[in-house]
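**Student:** Following this message is one structure expressed as structure tokens.
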Amino acid sequence: MTPSFGLIIIGDEIMSGKRQDKHMPKVIELMAARGLSLTWVEYVGDSPERITATLARAFASGDVVFSCGGIGATPDDHTRQCAGKALGVPLALHPEAESLIRERMQDTAKEQGVPYEPDRADNVHRLNMGVFPQGADIIRNPYNKIPGFTCAGAHGGAVHFVPGFPVMAWPMIESVLDSRYAQHFQQNAQLEKSVIIFGAMESTLTPFMETIEAQHPGVKVFSLPSVDHPQWGRHIELGVKGEPGLAETAYVQLRASLDSLALAYGPELVRNL
């Protein structure tokens, strides 16, 4: 079975509006390109208690979850510690992460034209970025070598931890999808077919929606109202989504069911997901 995919975005800067989240739309894009879809998203500020509770739910869910942010080594970065608490395991310096971080420090010293001093206090502190929950696997970071990490969940899922910086996070998420979940990739896995309806109320359409969903297992029926669309003005987009064959059949029945209402229609919309 294809797992459910979730996304956790961590940081006070998102919750305060100081920065706008870019991860959710990008993750949706990355997954859609592989025939996958995002099931849920959670936002949480830099509260260790809330982060721990959020991660505990993620580990228990059996879902595949990406967590963005808070894996650095400054006082407001709590994600690594919270992951350990949520799993009930201690933190330890990951040997491969240590090697990669030391490589990065040597590269930086060379770029700056100064000697590499591994025992200097700031360099020793940087190794904290490789302190992960015991048993974690690393996620390589092509941008600057400072890795993320993966921890297995209790029911077959996993949480994959990446930095909050998009330039690092997005290639890392892609690499995890391609290396771990390629067996679930599908092309045109689902069809979404809908029609623009003018002058109707959702309450009038609800019985038709319920009937179609009841008679076509595996198909989702949706309505998306708009009051100020720049092209179509006030309207409702009514449609179905599911495996292409099932969705086509359900859509034909939906349109036939609506004929009795003498509605005014706009264009039909089709998307392969």
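Each chain in the structure tokens gets a letter, A, B and so on, in the order shown; residues start at 1 in every chain, and ligands are counted from 1 in the order they appear.
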Let's see if you can do this: from backbone DSSP, list all strand (DSSP E or B) residues in range 37-90 of chain A, as a ChimeraX atom specification.
**Tutor:** /A:40-44,64-68
**Student:** Emit the selected residues as a PDB file, in the first residue's frame, including all heavy atoms.
**Tutor:**
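Generated output (selection.pdb):
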```pdb
ATOM      1  N   TRP A  40      -1.466  15.433   5.129  1.00  0.00           N
ATOM      2  CA  TRP A  40      -1.667  16.371   6.237  1.00  0.00           C
ATOM      3  C   TRP A  40      -0.431  17.233   6.458  1.00  0.00           C
ATOM      4  O   TRP A  40       0.672  16.874   6.064  1.00  0.00           O
ATOM      5  CB  TRP A  40      -2.058  15.650   7.522  1.00  0.00           C
ATOM      6  CG  TRP A  40      -1.087  14.606   8.020  1.00  0.00           C
ATOM      7  CD1 TRP A  40      -1.104  13.267   7.745  1.00  0.00           C
ATOM      8  CD2 TRP A  40       0.049  14.806   8.879  1.00  0.00           C
ATOM      9  NE1 TRP A  40      -0.076  12.626   8.378  1.00  0.00           N
ATOM     10  CE2 TRP A  40       0.652  13.538   9.093  1.00  0.00           C
ATOM     11  CE3 TRP A  40       0.592  15.932   9.501  1.00  0.00           C
ATOM     12  CZ2 TRP A  40       1.784  13.373   9.891  1.00  0.00           C
ATOM     13  CZ3 TRP A  40       1.731  15.773  10.295  1.00  0.00           C
ATOM     14  CH2 TRP A  40       2.300  14.505  10.484  1.00  0.00           C
ATOM     15  N   VAL A  41      -0.657  18.390   7.098  1.00  0.00           N
ATOM     16  CA  VAL A  41       0.408  19.341   7.424  1.00  0.00           C
ATOM     17  C   VAL A  41       0.152  19.887   8.820  1.00  0.00           C
ATOM     18  O   VAL A  41      -0.995  20.170   9.179  1.00  0.00           O
ATOM     19  CB  VAL A  41       0.450  20.518   6.420  1.00  0.00           C
ATOM     20  CG1 VAL A  41       1.553  21.490   6.790  1.00  0.00           C
ATOM     21  CG2 VAL A  41       0.632  20.018   5.000  1.00  0.00           C
ATOM     22  N   GLU A  42       1.218  20.032   9.607  1.00  0.00           N
ATOM     23  CA  GLU A  42       1.113  20.679  10.920  1.00  0.00           C
ATOM     24  C   GLU A  42       2.191  21.751  11.037  1.00  0.00           C
ATOM     25  O   GLU A  42       3.337  21.539  10.619  1.00  0.00           O
ATOM     26  CB  GLU A  42       1.284  19.671  12.067  1.00  0.00           C
ATOM     27  CG  GLU A  42       0.093  18.760  12.263  1.00  0.00           C
ATOM     28  CD  GLU A  42       0.116  18.063  13.611  1.00  0.00           C
ATOM     29  OE1 GLU A  42       0.482  18.714  14.620  1.00  0.00           O
ATOM     30  OE2 GLU A  42      -0.233  16.866  13.658  1.00  0.00           O
ATOM     31  N   TYR A  43       1.807  22.875  11.611  1.00  0.00           N
ATOM     32  CA  TYR A  43       2.751  23.950  11.923  1.00  0.00           C
ATOM     33  C   TYR A  43       2.903  24.024  13.442  1.00  0.00           C
ATOM     34  O   TYR A  43       1.908  23.929  14.173  1.00  0.00           O
ATOM     35  CB  TYR A  43       2.241  25.292  11.411  1.00  0.00           C
ATOM     36  CG  TYR A  43       2.209  25.404   9.905  1.00  0.00           C
ATOM     37  CD1 TYR A  43       1.106  24.967   9.176  1.00  0.00           C
ATOM     38  CD2 TYR A  43       3.276  25.962   9.211  1.00  0.00           C
ATOM     39  CE1 TYR A  43       1.068  25.068   7.796  1.00  0.00           C
ATOM     40  CE2 TYR A  43       3.247  26.072   7.833  1.00  0.00           C
ATOM     41  CZ  TYR A  43       2.143  25.621   7.130  1.00  0.00           C
ATOM     42  OH  TYR A  43       2.113  25.723   5.766  1.00  0.00           O
ATOM     43  N   VAL A  44       4.125  24.211  13.918  1.00  0.00           N
ATOM     44  CA  VAL A  44       4.345  24.304  15.354  1.00  0.00           C
ATOM     45  C   VAL A  44       5.497  25.273  15.615  1.00  0.00           C
ATOM     46  O   VAL A  44       6.483  25.309  14.872  1.00  0.00           O
ATOM     47  CB  VAL A  44       4.636  22.911  15.967  1.00  0.00           C
ATOM     48  CG1 VAL A  44       5.851  22.272  15.337  1.00  0.00           C
ATOM     49  CG2 VAL A  44       4.777  22.984  17.470  1.00  0.00           C
ATOM     50  N   VAL A  64       4.617   8.460   6.498  1.00  0.00           N
ATOM     51  CA  VAL A  64       5.917   9.003   6.104  1.00  0.00           C
ATOM     52  C   VAL A  64       5.823  10.512   6.284  1.00  0.00           C
ATOM     53  O   VAL A  64       4.970  11.165   5.683  1.00  0.00           O
ATOM     54  CB  VAL A  64       6.244   8.667   4.640  1.00  0.00           C
ATOM     55  CG1 VAL A  64       7.518   9.381   4.202  1.00  0.00           C
ATOM     56  CG2 VAL A  64       6.380   7.163   4.461  1.00  0.00           C
ATOM     57  N   VAL A  65       6.693  11.068   7.122  1.00  0.00           N
ATOM     58  CA  VAL A  65       6.570  12.468   7.516  1.00  0.00           C
ATOM     59  C   VAL A  65       7.893  13.189   7.261  1.00  0.00           C
ATOM     60  O   VAL A  65       8.964  12.671   7.591  1.00  0.00           O
ATOM     61  CB  VAL A  65       6.187  12.588   8.999  1.00  0.00           C
ATOM     62  CG1 VAL A  65       6.028  14.055   9.401  1.00  0.00           C
ATOM     63  CG2 VAL A  65       4.903  11.814   9.283  1.00  0.00           C
ATOM     64  N   PHE A  66       7.808  14.374   6.700  1.00  0.00           N
ATOM     65  CA  PHE A  66       8.965  15.260   6.570  1.00  0.00           C
ATOM     66  C   PHE A  66       8.820  16.375   7.593  1.00  0.00           C
ATOM     67  O   PHE A  66       7.756  16.988   7.711  1.00  0.00           O
ATOM     68  CB  PHE A  66       9.058  15.833   5.163  1.00  0.00           C
ATOM     69  CG  PHE A  66       9.357  14.801   4.116  1.00  0.00           C
ATOM     70  CD1 PHE A  66       8.343  14.263   3.338  1.00  0.00           C
ATOM     71  CD2 PHE A  66      10.649  14.343   3.920  1.00  0.00           C
ATOM     72  CE1 PHE A  66       8.613  13.291   2.385  1.00  0.00           C
ATOM     73  CE2 PHE A  66      10.929  13.369   2.980  1.00  0.00           C
ATOM     74  CZ  PHE A  66       9.914  12.841   2.205  1.00  0.00           C
ATOM     75  N   SER A  67       9.894  16.624   8.340  1.00  0.00           N
ATOM     76  CA  SER A  67       9.905  17.683   9.341  1.00  0.00           C
ATOM     77  C   SER A  67      10.959  18.709   8.949  1.00  0.00           C
ATOM     78  O   SER A  67      12.135  18.376   8.801  1.00  0.00           O
ATOM     79  CB  SER A  67      10.219  17.100  10.726  1.00  0.00           C
ATOM     80  OG  SER A  67      10.356  18.128  11.692  1.00  0.00           O
ATOM     81  N   CYS A  68      10.532  19.957   8.793  1.00  0.00           N
ATOM     82  CA  CYS A  68      11.425  21.029   8.327  1.00  0.00           C
ATOM     83  C   CYS A  68      11.687  22.014   9.452  1.00  0.00           C
ATOM     84  O   CYS A  68      10.755  22.621   9.984  1.00  0.00           O
ATOM     85  CB  CYS A  68      10.794  21.770   7.146  1.00  0.00           C
ATOM     86  SG  CYS A  68      10.412  20.751   5.716  1.00  0.00           S
TER      87      CYS A  68
END
```
**Student:** From range 181-211 of chain A, collect each residue whose DSSP state is helix (DSSP H, G or I) and return the set as number ranges by chain.
**Tutor:** A: 182-184, 202-211
**Student:** Emit the selected residues as a compact mmCIF listing (two decimals), in the first residue's frame, including N, CA and C atoms.
**Tutor:**
```
# COMPACT_ATOMS: atom_id res chain seq x y z
N ALA A 182 10.45 5.10 -4.12
CA ALA A 182 10.24 5.02 -5.57
C ALA A 182 9.22 3.94 -5.94
N GLN A 183 9.11 2.90 -5.12
CA GLN A 183 8.18 1.82 -5.44
C GLN A 183 6.72 2.29 -5.40
N HIS A 184 6.49 3.45 -4.79
CA HIS A 184 5.12 3.96 -4.71
C HIS A 184 4.82 5.03 -5.77
N GLU A 202 -24.44 25.41 -2.36
CA GLU A 202 -23.84 24.12 -1.97
C GLU A 202 -24.88 23.21 -1.31
N SER A 203 -25.81 23.79 -0.56
CA SER A 203 -26.83 22.97 0.10
C SER A 203 -27.68 22.22 -0.92
N THR A 204 -27.89 22.82 -2.11
CA THR A 204 -28.65 22.14 -3.17
C THR A 204 -27.84 21.00 -3.77
N LEU A 205 -26.53 21.16 -3.84
CA LEU A 205 -25.68 20.15 -4.47
C LEU A 205 -25.31 19.01 -3.54
N THR A 206 -25.43 19.22 -2.24
CA THR A 206 -24.97 18.23 -1.27
C THR A 206 -25.60 16.84 -1.47
N PRO A 207 -26.93 16.72 -1.66
CA PRO A 207 -27.50 15.38 -1.85
C PRO A 207 -26.90 14.64 -3.05
N PHE A 208 -26.63 15.35 -4.14
CA PHE A 208 -26.01 14.72 -5.30
C PHE A 208 -24.59 14.24 -4.97
N MET A 209 -23.88 15.04 -4.23
CA MET A 209 -22.52 14.68 -3.85
C MET A 209 -22.52 13.43 -2.98
N GLU A 210 -23.42 13.38 -2.01
CA GLU A 210 -23.49 12.23 -1.11
C GLU A 210 -23.86 10.95 -1.87
N THR A 211 -24.76 11.07 -2.81
CA THR A 211 -25.18 9.90 -3.59
C THR A 211 -24.03 9.37 -4.43
```
**Student:** Could you tell me which of A:Ile139, A:Leu36, A:Val167, A:Met24 comes closest to Tyr181 in chain A if we count only C-alpha atoms?
**Tutor:**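 Nearest to Tyr181 in chain A: A:Leu36.
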**Student:** Within 7 Å of range 223-235 of chain A, counting only C-alpha atoms, which residues qualify if same-chain residues fewer than 5 places away don't, as a list in words?
**Tutor:**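 Counting only C-alpha atoms, the residues come to Ile196, Ile197, Phe198 and Gly199 of chain A.
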**Student:** Name the residues in contact with Asp46 in chain A at a cut-off of 10 Å, using only C-alpha atoms, excluding same-chain residues fewer than 2 positions from it; report them as a list in words.
**Tutor:** Ile10, Gly11, Asp12, Glu13, Ile14, Met15, Val44, Pro48, Glu49, Arg50, Ile51, Gly69, Gly70, Asp76, Asp77, His78 and Thr79 of chain A
**Student:** Within 12 Å of Thr108 in chain A, counting only C-alpha atoms, which residues qualify if same-chain residues fewer than 5 places away don't, as an MDAnalysis selection string?
**Tutor:** chainID A and resid 101:103 113:117 123 144:145
**Student:** Residues at most 8 Å from Gln81 in chain A, counting only C-alpha atoms, excluding those fewer than 3 positions away in the same chain, as a ChimeraX atom specification?
**Tutor:** /A:78,84-85,91,132-133
**Student:** Using C-alpha atoms, can you export the residues from the last selection as a CSV table (one decimal), in the first residue's frame?
**Tutor:**
```
chain,number,residue,atom,x,y,z
A,78,HIS,CA,14.9,21.9,19.8
A,84,GLY,CA,14.8,11.8,21.1
A,85,LYS,CA,12.2,12.4,23.8
A,91,LEU,CA,21.0,11.4,21.7
A,132,PHE,CA,20.8,12.6,16.7
A,133,PRO,CA,18.4,10.1,18.4
```
**Student:** Could you tell me which of A:Val27, A:Ala33, A:Ala189, A:Ala83 comes closest to Gly245 in chain A if we count only C-alpha atoms?
**Tutor:** A:Ala189
**Student:** Report, in Å with one decimal, the straight-line distance from CA of Ala56 in chain A to CA of Phe149 in chain A.
**Tutor:**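 According to the coordinates, CA of Ala56 in chain A and CA of Phe149 in chain A are separated by 16.2 Å.
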**Student:** Produce a table with one row for each residue of range 68-171 of chain A that has an atom at most 12 Å from any atom of range 175-179 of chain A, each row naming the nearest atom pair and its distance in Å at one decimal; use only C-alpha atoms; arrange rows by chain and rising residue number; format as a Markdown table.
**Tutor:**
```
| residue | atom | partner | partner_atom | distance |
| --- | --- | --- | --- | --- |
| A:Asp137 | CA | A:Val176 | CA | 11.4 |
| A:Ile138 | CA | A:Val176 | CA | 10.4 |
| A:Ile139 | CA | A:Val176 | CA | 7.5 |
| A:Arg140 | CA | A:Ser175 | CA | 8.5 |
| A:Asn141 | CA | A:Ser175 | CA | 9.5 |
| A:Pro142 | CA | A:Ser175 | CA | 9.9 |
| A:Gly148 | CA | A:Val176 | CA | 10.7 |
| A:Phe149 | CA | A:Val176 | CA | 10.4 |
| A:Thr150 | CA | A:Val176 | CA | 9.4 |
| A:Ala158 | CA | A:Val176 | CA | 11.0 |
| A:Val159 | CA | A:Val176 | CA | 10.7 |
| A:His160 | CA | A:Val176 | CA | 8.0 |
| A:Phe161 | CA | A:Val176 | CA | 10.4 |
| A:Val162 | CA | A:Val176 | CA | 10.3 |
| A:Met168 | CA | A:Ser175 | CA | 11.2 |
| A:Ala169 | CA | A:Ser175 | CA | 10.0 |
| A:Trp170 | CA | A:Ser175 | CA | 8.6 |
| A:Pro171 | CA | A:Ser175 | CA | 6.2 |
```
**Student:** Write a file of the just-selected residues containing C-alpha atoms, as an mmCIF file, in the first residue's frame.
**Tutor:**
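Saved the output as again_2.cif:
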```cif
data_model
loop_
_atom_site.group_PDB
_atom_site.id
_atom_site.type_symbol
_atom_site.label_atom_id
_atom_site.label_comp_id
_atom_site.auth_asym_id
_atom_site.auth_seq_id
_atom_site.Cartn_x
_atom_site.Cartn_y
_atom_site.Cartn_z
ATOM 1 C CA ASP A 137 20.096 7.317 9.677
ATOM 2 C CA ILE A 138 21.554 10.410 8.054
ATOM 3 C CA ILE A 139 20.149 12.381 5.127
ATOM 4 C CA ARG A 140 22.935 13.885 3.056
ATOM 5 C CA ASN A 141 22.862 17.613 2.419
ATOM 6 C CA PRO A 142 24.269 18.528 -1.031
ATOM 7 C CA GLY A 148 19.638 15.757 8.354
ATOM 8 C CA PHE A 149 18.415 12.494 9.810
ATOM 9 C CA THR A 150 15.703 9.851 9.642
ATOM 10 C CA ALA A 158 9.332 7.255 9.443
ATOM 11 C CA VAL A 159 10.052 10.914 10.144
ATOM 12 C CA HIS A 160 12.679 12.555 7.957
ATOM 13 C CA PHE A 161 14.257 15.659 9.502
ATOM 14 C CA VAL A 162 15.686 18.383 7.248
ATOM 15 C CA MET A 168 18.890 22.630 1.657
ATOM 16 C CA ALA A 169 15.552 21.067 2.557
ATOM 17 C CA TRP A 170 14.083 20.594 -0.908
ATOM 18 C CA PRO A 171 16.942 18.594 -2.496
#
```
**Student:** So, counting only C-alpha atoms, which residue among A:Ser194, A:Ala97, A:Pro118, A:Asp107 is closest to Ile146 in chain A?
**Tutor:**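 Closest to Ile146 in chain A, using only C-alpha atoms: A:Ala97.
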**Student:** Point out the residue among A:Leu269, A:Ser4, A:Lys193, A:His216 with the least atom-to-atom distance to Tyr251 in chain A, counting only C-alpha atoms.
**Tutor:**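 For Tyr251 in chain A, the nearest of the given residues is A:Lys193.
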**Student:** Show me, as a list in words, the residues that have an atom within 9 Å of Gly218 in chain A when counting only C-alpha atoms, minus same-chain residues fewer than 3 positions from it.
**Tutor:**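 Counting only the stated atoms, we get Glu213, Lys241, Gly242, Glu243, Leu246 and Ala247 of chain A.
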**Student:** Grab the residues selected above and save them as a PDB file, in the first residue's frame with N, CA, C and O atoms.
**Tutor:**
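New file selection.pdb:
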```pdb
ATOM      1  N   GLU A 213     -20.781   9.736  -4.004  1.00  0.00           N
ATOM      2  CA  GLU A 213     -19.724   9.163  -3.168  1.00  0.00           C
ATOM      3  C   GLU A 213     -20.144   7.805  -2.620  1.00  0.00           C
ATOM      4  O   GLU A 213     -19.332   6.881  -2.517  1.00  0.00           O
ATOM      5  N   LYS A 241     -12.705  13.034  -7.794  1.00  0.00           N
ATOM      6  CA  LYS A 241     -11.286  12.709  -7.848  1.00  0.00           C
ATOM      7  C   LYS A 241     -11.108  11.257  -7.465  1.00  0.00           C
ATOM      8  O   LYS A 241     -11.681  10.784  -6.489  1.00  0.00           O
ATOM      9  N   GLY A 242     -10.301  10.536  -8.255  1.00  0.00           N
ATOM     10  CA  GLY A 242     -10.034   9.141  -7.946  1.00  0.00           C
ATOM     11  C   GLY A 242      -9.281   8.466  -9.073  1.00  0.00           C
ATOM     12  O   GLY A 242      -8.788   9.125 -10.001  1.00  0.00           O
ATOM     13  N   GLU A 243      -9.167   7.152  -8.982  1.00  0.00           N
ATOM     14  CA  GLU A 243      -8.540   6.373 -10.059  1.00  0.00           C
ATOM     15  C   GLU A 243      -9.249   6.708 -11.371  1.00  0.00           C
ATOM     16  O   GLU A 243     -10.479   6.834 -11.400  1.00  0.00           O
ATOM     17  N   LEU A 246     -12.590   4.997 -12.453  1.00  0.00           N
ATOM     18  CA  LEU A 246     -13.664   5.219 -11.484  1.00  0.00           C
ATOM     19  C   LEU A 246     -14.137   6.665 -11.516  1.00  0.00           C
ATOM     20  O   LEU A 246     -15.340   6.940 -11.448  1.00  0.00           O
ATOM     21  N   ALA A 247     -13.183   7.594 -11.628  1.00  0.00           N
ATOM     22  CA  ALA A 247     -13.549   9.008 -11.637  1.00  0.00           C
ATOM     23  C   ALA A 247     -14.360   9.371 -12.880  1.00  0.00           C
ATOM     24  O   ALA A 247     -15.320  10.147 -12.789  1.00  0.00           O
TER      25      ALA A 247
END
```
**Student:** In Å, how far is it from CA of Met129 in chain A to CA of Ser16 in chain A?
**Tutor:**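 About the pair CA of Met129 in chain A and CA of Ser16 in chain A: they are 25.3 Å apart.
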**Student:** Please, what distance in Å, to one decimal, runs between CA of Arg34 in chain A and CA of Phe185 in chain A?
**Tutor:** 5.1 Å
